[in-house]
file start-v3.pdb (PDB, C-alpha atoms and all ligand atoms)
ATOM      1  CA  MET A   1      10.848 -17.849   2.701
ATOM      2  CA  LYS A   2      13.306 -16.226   5.033
ATOM      3  CA  LEU A   3      15.915 -14.242   3.090
ATOM      4  CA  PRO A   4      19.571 -13.618   3.951
ATOM      5  CA  ILE A   5      20.239 -10.205   5.528
ATOM      6  CA  ALA A   6      22.660  -7.728   3.928
ATOM      7  CA  TYR A   7      24.856  -6.562   6.802
ATOM      8  CA  TYR A   8      26.837  -3.372   7.308
ATOM      9  CA  GLY A   9      29.607  -3.317   4.714
ATOM     10  CA  ALA A  10      27.417  -4.733   1.917
ATOM     11  CA  ALA A  11      27.474  -2.369  -1.088
ATOM     12  CA  VAL A  12      23.705  -2.709  -1.630
ATOM     13  CA  LEU A  13      23.048  -0.831   1.636
ATOM     14  CA  ARG A  14      24.781   2.257   0.213
ATOM     15  CA  LYS A  15      23.070   2.338  -3.173
ATOM     16  CA  LYS A  16      20.139   4.555  -4.081
ATOM     17  CA  THR A  17      17.335   2.155  -5.015
ATOM     18  CA  GLU A  18      15.292   1.857  -8.223
ATOM     19  CA  GLN A  19      11.571   2.646  -8.235
ATOM     20  CA  VAL A  20       9.258  -0.371  -8.388
ATOM     21  CA  LYS A  21       7.850  -0.318 -11.940
ATOM     22  CA  GLU A  22       4.895  -2.627 -11.387
ATOM     23  CA  VAL A  23       3.377  -3.968  -8.177
ATOM     24  CA  ASN A  24       2.939  -7.570  -9.332
ATOM     25  CA  ASP A  25       2.991 -11.051  -7.775
ATOM     26  CA  GLU A  26       6.779 -11.077  -7.753
ATOM     27  CA  ILE A  27       6.769  -7.912  -5.602
ATOM     28  CA  ARG A  28       4.049  -9.344  -3.345
ATOM     29  CA  GLN A  29       6.132 -12.493  -2.858
ATOM     30  CA  LEU A  30       9.142 -10.326  -1.970
ATOM     31  CA  ILE A  31       6.969  -8.495   0.609
ATOM     32  CA  LYS A  32       5.887 -11.844   2.141
ATOM     33  CA  ASP A  33       9.493 -12.987   2.323
ATOM     34  CA  MET A  34      10.559  -9.658   3.846
ATOM     35  CA  ASP A  35       7.794  -9.997   6.463
ATOM     36  CA  GLU A  36       9.080 -13.446   7.436
ATOM     37  CA  THR A  37      12.666 -12.191   7.480
ATOM     38  CA  MET A  38      11.781  -9.136   9.603
ATOM     39  CA  ARG A  39      10.003 -11.263  12.216
ATOM     40  CA  ALA A  40      12.800 -13.836  12.318
ATOM     41  CA  ASN A  41      15.208 -10.987  13.097
ATOM     42  CA  ASN A  42      12.899  -9.207  15.593
ATOM     43  CA  GLY A  43      12.814  -6.093  13.404
ATOM     44  CA  MET A  44      10.111  -3.421  13.507
ATOM     45  CA  GLY A  45      10.723  -2.623   9.869
ATOM     46  CA  LEU A  46      12.726  -3.849   6.904
ATOM     47  CA  ALA A  47      13.740  -2.232   3.612
ATOM     48  CA  ALA A  48      14.367  -4.126   0.361
ATOM     49  CA  PRO A  49      18.136  -3.324   0.270
ATOM     50  CA  GLN A  50      18.448  -5.197   3.587
ATOM     51  CA  VAL A  51      17.602  -8.377   1.683
ATOM     52  CA  SER A  52      19.895  -7.329  -1.192
ATOM     53  CA  ARG A  53      17.125  -6.017  -3.459
ATOM     54  CA  SER A  54      17.812  -2.457  -4.579
ATOM     55  CA  LEU A  55      14.157  -1.373  -4.776
ATOM     56  CA  ALA A  56      12.205   1.540  -3.253
ATOM     57  CA  LEU A  57      10.133  -0.639  -0.966
ATOM     58  CA  PHE A  58       9.917  -1.140   2.779
ATOM     59  CA  ILE A  59       7.612  -2.629   5.384
ATOM     60  CA  ILE A  60       6.978  -1.619   8.971
ATOM     61  CA  CYS A  61       5.387  -3.389  11.908
ATOM     62  CA  PRO A  62       5.439  -1.258  15.048
ATOM     63  CA  PRO A  63       4.731  -3.195  18.251
ATOM     64  CA  VAL A  64       1.327  -2.528  19.825
ATOM     65  CA  PRO A  65       1.205  -2.434  23.646
ATOM     66  CA  ASN A  66      -0.840  -5.251  25.228
ATOM     67  CA  PRO A  67      -3.245  -4.566  28.102
ATOM     68  CA  PRO A  68      -1.624  -4.685  31.559
ATOM     69  CA  GLY A  69      -1.256  -8.183  33.006
ATOM     70  CA  HIS A  70      -0.561  -9.779  29.609
ATOM     71  CA  ALA A  71       2.438 -12.142  29.503
ATOM     72  CA  GLU A  72       3.954 -10.187  26.596
ATOM     73  CA  ALA A  73       4.213  -6.402  26.903
ATOM     74  CA  TYR A  74       3.770  -5.929  23.136
ATOM     75  CA  ARG A  75       2.221  -7.717  20.202
ATOM     76  CA  TYR A  76       2.863  -7.420  16.472
ATOM     77  CA  GLU A  77       0.019  -6.869  14.084
ATOM     78  CA  LYS A  78      -0.195  -6.716  10.293
ATOM     79  CA  ILE A  79       2.649  -5.093   8.408
ATOM     80  CA  GLN A  80       2.224  -1.846   6.470
ATOM     81  CA  VAL A  81       3.758  -1.735   3.009
ATOM     82  CA  PHE A  82       5.341   1.353   1.390
ATOM     83  CA  ILE A  83       6.301   1.192  -2.288
ATOM     84  CA  ASN A  84       7.976   4.167  -4.056
ATOM     85  CA  PRO A  85       7.422   6.335  -0.962
ATOM     86  CA  LYS A  86       7.685  10.132  -0.874
ATOM     87  CA  ILE A  87       8.083  11.809   2.493
ATOM     88  CA  SER A  88       7.015  15.419   3.016
ATOM     89  CA  GLU A  89       5.862  17.936   5.617
ATOM     90  CA  PRO A  90       8.194  16.948   8.453
ATOM     91  CA  SER A  91       6.954  18.430  11.726
ATOM     92  CA  ASP A  92       8.885  21.279  13.350
ATOM     93  CA  ALA A  93       8.813  19.199  16.509
ATOM     94  CA  MET A  94      11.847  16.942  16.666
ATOM     95  CA  ILE A  95      12.371  13.958  18.902
ATOM     96  CA  ASP A  96      15.474  12.131  20.098
ATOM     97  CA  MET A  97      15.027   8.348  20.070
ATOM     98  CA  ASP A  98      17.154   5.247  20.373
ATOM     99  CA  GLU A  99      17.499   3.241  17.135
ATOM    100  CA  GLY A 100      18.952  -0.054  16.046
ATOM    101  CA  CYS A 101      19.098  -1.852  12.709
ATOM    102  CA  VAL A 102      18.803  -5.488  11.647
ATOM    103  CA  SER A 103      21.737  -4.867   9.260
ATOM    104  CA  ILE A 104      23.964  -3.495  12.049
ATOM    105  CA  PRO A 105      23.499  -6.032  14.857
ATOM    106  CA  GLY A 106      24.434  -4.985  18.381
ATOM    107  CA  VAL A 107      24.788  -1.267  17.582
ATOM    108  CA  ARG A 108      22.264   1.248  18.929
ATOM    109  CA  GLY A 109      22.239   4.996  19.168
ATOM    110  CA  ASN A 110      20.137   8.105  19.575
ATOM    111  CA  VAL A 111      18.958   9.892  16.443
ATOM    112  CA  ILE A 112      17.007  13.157  16.256
ATOM    113  CA  ARG A 113      14.194  13.112  13.699
ATOM    114  CA  PRO A 114      10.870  14.908  13.149
ATOM    115  CA  LEU A 115       7.997  13.734  15.345
ATOM    116  CA  SER A 116       5.658  13.310  12.374
ATOM    117  CA  VAL A 117       5.751  13.176   8.572
ATOM    118  CA  THR A 118       3.386  12.802   5.619
ATOM    119  CA  VAL A 119       3.970   9.803   3.372
ATOM    120  CA  GLU A 120       2.698   9.158  -0.138
ATOM    121  CA  ALA A 121       3.271   5.634  -1.419
ATOM    122  CA  LEU A 122       1.699   2.594  -3.058
ATOM    123  CA  ASP A 123       0.419  -0.338  -1.014
ATOM    124  CA  GLU A 124       0.894  -4.048  -1.832
ATOM    125  CA  ASN A 125      -1.942  -3.837  -4.378
ATOM    126  CA  GLY A 126      -0.388  -0.881  -6.165
ATOM    127  CA  LYS A 127      -2.991   1.474  -4.703
ATOM    128  CA  PRO A 128      -1.715   4.976  -3.831
ATOM    129  CA  PHE A 129      -2.265   6.354  -0.339
ATOM    130  CA  LYS A 130      -1.297   9.497   1.552
ATOM    131  CA  LYS A 131      -1.196   9.540   5.332
ATOM    132  CA  VAL A 132       0.300  11.418   8.276
ATOM    133  CA  PHE A 133       2.356   9.253  10.615
ATOM    134  CA  THR A 134       3.560  10.183  14.056
ATOM    135  CA  GLY A 135       5.588   8.819  16.972
ATOM    136  CA  MET A 136       7.000   5.297  16.673
ATOM    137  CA  GLU A 137       5.461   4.698  13.233
ATOM    138  CA  ALA A 138       6.986   7.902  11.826
ATOM    139  CA  ARG A 139      10.327   6.963  13.366
ATOM    140  CA  ILE A 140      10.417   3.533  11.726
ATOM    141  CA  ILE A 141       9.249   4.976   8.388
ATOM    142  CA  MET A 142      12.073   7.545   8.353
ATOM    143  CA  HIS A 143      14.647   4.902   9.289
ATOM    144  CA  GLU A 144      13.448   2.566   6.507
ATOM    145  CA  ASN A 145      13.121   5.411   4.003
ATOM    146  CA  ASP A 146      16.768   6.245   4.684
ATOM    147  CA  HIS A 147      17.639   2.666   3.661
ATOM    148  CA  ILE A 148      16.122   3.122   0.230
ATOM    149  CA  ASN A 149      18.369   6.176  -0.208
ATOM    150  CA  GLY A 150      21.509   4.367   0.923
ATOM    151  CA  VAL A 151      21.569   6.098   4.326
ATOM    152  CA  LEU A 152      22.047   4.277   7.648
ATOM    153  CA  PHE A 153      21.063   5.491  11.121
ATOM    154  CA  ILE A 154      24.708   5.522  12.197
ATOM    155  CA  ASP A 155      25.249   8.349   9.656
ATOM    156  CA  ARG A 156      22.844  10.446  11.706
ATOM    157  CA  LEU A 157      24.350   9.925  15.169
ATOM    158  CA  GLN A 158      24.942  13.345  16.686
ATOM    159  CA  ASP A 159      27.396  12.518  19.428
ATOM    160  CA  PRO A 160      30.967  12.404  17.951
ATOM    161  CA  PRO A 161      32.528  10.493  20.900
ATOM    162  CA  TYR A 162      29.835   7.843  20.562
ATOM    163  CA  ARG A 163      30.471   7.578  16.825
ATOM    164  CA  LYS A 164      34.128   6.913  17.630
ATOM    165  CA  LYS A 165      33.119   4.330  20.199
ATOM    166  CA  ILE A 166      31.100   2.238  17.759
ATOM    167  CA  GLU A 167      33.773   2.240  15.043
ATOM    168  CA  PRO A 168      35.400  -1.005  16.257
ATOM    169  CA  MET A 169      31.953  -2.658  16.397
ATOM    170  CA  LEU A 170      31.275  -1.606  12.815
ATOM    171  CA  ARG A 171      34.646  -2.982  11.701
ATOM    172  CA  GLU A 172      33.796  -6.278  13.421
ATOM    173  CA  ILE A 173      30.418  -6.543  11.651
ATOM    174  CA  LYS A 174      32.054  -5.757   8.310
ATOM    175  CA  LYS A 175      34.690  -8.442   8.869
ATOM    176  CA  LYS A 176      32.263 -11.037  10.180
ATOM    177  CA  TYR A 177      29.825 -10.819   7.271
ATOM    178  CA  SER A 178      32.088  -9.950   4.347
ATOM    179  CA  GLU A 179      32.929 -13.596   3.538
TER
HETATM  180 ZN    ZN A 201      17.765  -0.406   9.429
END

call {"tool": "encode", "arguments": {"input": "start-v3.pdb", "output": "structure tokens", "more": "lines below"}}
Ligand SMILES: [Zn+2]
result
Amino acid sequence: MKLPIAYYGAAVLRKKTEQVKEVNDEIRQLIKDMDETMRANNGMGLAAPQVSRSLALFIICPPVPNPPGHAEAYRYEKIQVFINPKISEPSDAMIDMDEGCVSIPGVRGNVIRPLSVTVEALDENGKPFKKVFTGMEARIIMHENDHINGVLFIDRLQDPPYRKKIEPMLREIKKKYSE
């Protein structure tokens, strides 16, 4: 079932989330619903607070490039699930990349983040894993991990004039979705 999105201005996006106590069928259903919601909104990742659930859980689905000549440049494969994630060992190498957010429609901006990170988390079966992620995957993971700490990518924009520029857009989003 597709779930309603919590948009910029919603209090849930600014709250630090609770840990998931048990990875049960209810959590697995939430993950399925988040998957459907992410795809319906053309997201590459989605965190539980974005569907108004204040839980330390997010999913990612980075696009995979198709071979040349394919009608679609990218395809989406299976989602990866991160429950109660812990991020460590950020690389010294940093990278500047353009980001957007399903909860902040129409707003994009460049954010500098580490190129790679190590993540420890539970999967959808409650099984712990530890893995190094790099590039696009690492980028999406850090963006979604911010969500479970109440942080949004717009908080990390470096360029002060650009931050000023998007203020009216943010006010619009807040107004549009606050009813
Ligand atoms: Zn986001």

call {"tool": "residues_around", "arguments": {"input": "start-v3.pdb", "residues": "region 117-128 of chain A", "least_positions_apart": "5", "cutoff": "9 Å", "atoms": "all atoms listed in the file", "output": "list in words"}}
result
Glu22, Val23, Asn24, Ile27, Arg28, Ile31, Gln80, Val81, Phe82, Ile83, Asn84, Pro85, Lys86, Ile87, Ser88, Glu89, Pro90, Ser91, Phe133, Thr134, Ala138, Ile141 and Met142 of chain A

call {"tool": "closest_residue", "arguments": {"input": "start-v3.pdb", "among": "A:Arg75, A:Lys32, A:Lys131, A:Lys176", "to": "Lys2 (chain A)", "atoms": "all atoms listed in the file"}}
result
A:Lys32

call {"tool": "resolve_selection", "arguments": {"input": "start-v3.pdb", "expression": "the PyMOL selection byres (((chain A and resi 17) around 8) and not hetatm)", "output": "list in words"}}
result
Lys15, Lys16, Glu18, Gln19, Pro49, Ser54, Leu55, Ala56, Ile148, Asn149 and Gly150 of chain A

call {"tool": "residues_near_ligand", "arguments": {"input": "start-v3.pdb", "ligand": "ligand ZN 201 (chain A)", "cutoff": "7 Å", "atoms": "all atoms listed in the file", "output": "ChimeraX atom specification"}}
result
/A:46,100-103,143-144,147,152-153

call {"tool": "write_last_selection", "arguments": {"input": "start-v3.pdb", "atoms": "C-alpha atoms", "output": "PDB file, in the coordinates of the input"}}
result
ATOM      1  CA  LEU A  46      12.726  -3.849   6.904  1.00  0.00           C
ATOM      2  CA  GLY A 100      18.952  -0.054  16.046  1.00  0.00           C
ATOM      3  CA  CYS A 101      19.098  -1.852  12.709  1.00  0.00           C
ATOM      4  CA  VAL A 102      18.803  -5.488  11.647  1.00  0.00           C
ATOM      5  CA  SER A 103      21.737  -4.867   9.260  1.00  0.00           C
ATOM      6  CA  HIS A 143      14.647   4.902   9.289  1.00  0.00           C
ATOM      7  CA  GLU A 144      13.448   2.566   6.507  1.00  0.00           C
ATOM      8  CA  HIS A 147      17.639   2.666   3.661  1.00  0.00           C
ATOM      9  CA  LEU A 152      22.047   4.277   7.648  1.00  0.00           C
ATOM     10  CA  PHE A 153      21.063   5.491  11.121  1.00  0.00           C
TER      11      PHE A 153
END

call {"tool": "closest_residue", "arguments": {"input": "start-v3.pdb", "among": "A:Arg53, A:Arg39, A:Arg171, A:Arg163", "to": "Glu77 (chain A)", "atoms": "only C-alpha atoms"}}
result
A:Arg39

call {"tool": "residues_near_point", "arguments": {"input": "start-v3.pdb", "point": "(11.8, -10.6, 0.7)", "cutoff": "10 Å", "atoms": "all atoms listed in the file", "output": "count of residues only"}}
result
27

call {"tool": "atom_distance", "arguments": {"input": "start-v3.pdb", "atom1": "CA of Met169 (chain A)", "atom2": "CA of Ile140 (chain A)"}}
result
22.9 Å

call {"tool": "closest_residue", "arguments": {"input": "start-v3.pdb", "among": "A:Met94, A:Met136, A:Ala73, A:Ile104", "to": "Asn41 (chain A)", "atoms": "all atoms listed in the file"}}
result
A:Ile104

call {"tool": "closest_residue", "arguments": {"input": "start-v3.pdb", "among": "A:Leu57, A:Met44, A:Ala6, A:Ile95", "to": "Ile112 (chain A)", "atoms": "all atoms listed in the file"}}
result
A:Ile95

call {"tool": "residues_around", "arguments": {"input": "start-v3.pdb", "residues": "Asp159 (chain A)", "least_positions_apart": "2", "cutoff": "12 Å", "atoms": "only C-alpha atoms", "output": "MDAnalysis selection string"}}
result
chainID A and resid 96 109:112 154:157 161:166

call {"tool": "write_last_selection", "arguments": {"input": "start-v3.pdb", "atoms": "C-alpha atoms", "output": "CSV table (one decimal), keeping the file's coordinate frame"}}
result
chain,number,residue,atom,x,y,z
A,96,ASP,CA,15.5,12.1,20.1
A,109,GLY,CA,22.2,5.0,19.2
A,110,ASN,CA,20.1,8.1,19.6
A,111,VAL,CA,19.0,9.9,16.4
A,112,ILE,CA,17.0,13.2,16.3
A,154,ILE,CA,24.7,5.5,12.2
A,155,ASP,CA,25.2,8.3,9.7
A,156,ARG,CA,22.8,10.4,11.7
A,157,LEU,CA,24.4,9.9,15.2
A,161,PRO,CA,32.5,10.5,20.9
A,162,TYR,CA,29.8,7.8,20.6
A,163,ARG,CA,30.5,7.6,16.8
A,164,LYS,CA,34.1,6.9,17.6
A,165,LYS,CA,33.1,4.3,20.2
A,166,ILE,CA,31.1,2.2,17.8

call {"tool": "atom_distance", "arguments": {"input": "start-v3.pdb", "atom1": "CA of Glu167 (chain A)", "atom2": "CA of Tyr8 (chain A)"}}
result
11.8 Å

call {"tool": "atom_distance", "arguments": {"input": "start-v3.pdb", "atom1": "CA of Arg108 (chain A)", "atom2": "CA of Pro65 (chain A)"}}
result
21.9 Å

call {"tool": "closest_residue", "arguments": {"input": "start-v3.pdb", "among": "A:Tyr76, A:Pro62, A:Ile173, A:Leu13", "to": "Val151 (chain A)", "atoms": "all atoms listed in the file"}}
result
A:Leu13

call {"tool": "closest_residue", "arguments": {"input": "start-v3.pdb", "among": "A:Ala40, A:Asp98, A:Ala93, A:Leu170", "to": "Gln158 (chain A)", "atoms": "all atoms listed in the file"}}
result
A:Asp98
